[in-house]
Amino acid sequence: AGRTRTVVHKRGVGKNVSFHPFYTLSLDVADPSVRSIEDALRRFTSRQSIEGYRGRQSRRALEVNQEESLDKLPPCLIMHLKRFAFWDDSGPAKVCKHVSFGDRIVLRDSQLRKTYRLRAVIVHHGAKHSGGHYSVYVRHDTALCDGGDCDEEVKEGGGDDHQSD
């Protein structure tokens with residue numbers, strides 16, 4: 001398993017540091033600025049403001065920020081792109097946009113640098129969370145292949161080229 005490090009900064013109070021194991025790194029891709037896996041990782045590790053936080057005893061509003069980092073990298077990295085978001089009271093909606101990726105990604109944790117090679121991609125086909133189906137593309141030599149027979153080669157560099165909405 002990998003491990004994230006979460007630092008919660010409370011202005012005027014101090015900070016709390018906690019560590020959390022992970023088997024899958026879930027990345028939010030709903031923000032319009034996220035166009036690639038690298039963008040999603042930068043967003044995941046950026047400092048973010050926590051709205052509406054109040055002190056336990058004083059009940060006063062506090063300025064609070066949270067920062068995530070990768071503390072320990074796993075031997076095998078599984079990244080999950082969060083493709084469903086809640087925009088309003090209508091329930092979940094699919095985030096239908098292109099998110100680019102390469103066949104390798106280099107990550108750093110608190111102690112080392114590691115290169116991961118893309119092995120497989122799972123794609124959801126369908127416009128809603130309540131329906132659709134999934135396809136898997138698995139690396140075979142230098143190509144990603146649909147099924148196991150490599151009849152359909154997936155173009156490197158895109159995550160939604162095979163999405164049917």
# chains A, B, ... in the order shown; residues from 1 in each chain; ligands from 1
call {"tool": "residues_around", "arguments": {"residues": "segment 105-111 of chain A", "least_positions_apart": "3", "cutoff": "6 Å", "atoms": "only C-alpha atoms", "output": "count of residues only"}}
result
6
call {"tool": "residues_around", "arguments": {"residues": "segment 75-92 of chain A", "least_positions_apart": "6", "cutoff": "6 Å", "atoms": "only C-alpha atoms", "output": "list in words"}}
result
Thr24, Leu25, Ser26, Leu27 and Asp28 of chain A
call {"tool": "closest_residue", "arguments": {"among": "A:Leu112, A:Val136, A:Val121, A:Val99", "to": "Ala30 of chain A", "atoms": "only C-alpha atoms"}}
result
A:Val99
call {"tool": "closest_residue", "arguments": {"among": "A:Tyr134, A:Val29, A:Asp39, A:His20", "to": "Arg5 of chain A", "atoms": "only C-alpha atoms"}}
result
A:His20
call {"tool": "select_by_dssp", "arguments": {"residues": "chain A", "states": "strand (DSSP E or B)", "output": "MDAnalysis selection string"}}
result
chainID A and resid 2:10 14:22 25:28 36 48:50 54 61 64:72 79:82 84:86 92:94 100 104:108 113:117 120:125 133:140 143:146 153:154
call {"tool": "closest_residue", "arguments": {"among": "A:Val17, A:Ser135, A:Tyr23, A:Thr45", "to": "Pro74 of chain A", "atoms": "only C-alpha atoms"}}
result
A:Tyr23
call {"tool": "closest_residue", "arguments": {"among": "A:Leu118, A:His140, A:Asp103, A:Val7", "to": "Gln66 of chain A", "atoms": "only C-alpha atoms"}}
result
A:Val7
call {"tool": "closest_residue", "arguments": {"among": "A:Gly14, A:Gly102, A:Gly126, A:Gly2", "to": "Val64 of chain A", "atoms": "only C-alpha atoms"}}
result
A:Gly14
call {"tool": "select_by_dssp", "arguments": {"residues": "chain A", "states": "alpha helix (DSSP H)", "output": "list of chain:residue names"}}
result
A:Ile37, A:Glu38, A:Asp39, A:Ala40, A:Leu41, A:Arg42, A:Arg43, A:Phe44, A:Thr45
call {"tool": "write_last_selection", "arguments": {"atoms": "C-alpha atoms", "output": "tab-separated table (two decimals), in the first residue's frame"}}
result
chain	number	residue	atom	x	y	z
A	37	ILE	CA	-3.20	12.99	-15.03
A	38	GLU	CA	-0.38	15.34	-14.03
A	39	ASP	CA	-2.89	18.21	-13.58
A	40	ALA	CA	-5.08	15.96	-11.41
A	41	LEU	CA	-2.06	14.99	-9.28
A	42	ARG	CA	-1.05	18.65	-8.87
A	43	ARG	CA	-4.59	19.47	-7.78
A	44	PHE	CA	-4.58	16.52	-5.36
A	45	THR	CA	-1.37	17.79	-3.72
call {"tool": "atom_distance", "arguments": {"atom1": "atom CA of Arg54 of chain A", "atom2": "atom CA of Lys10 of chain A"}}
result
10.1 Å
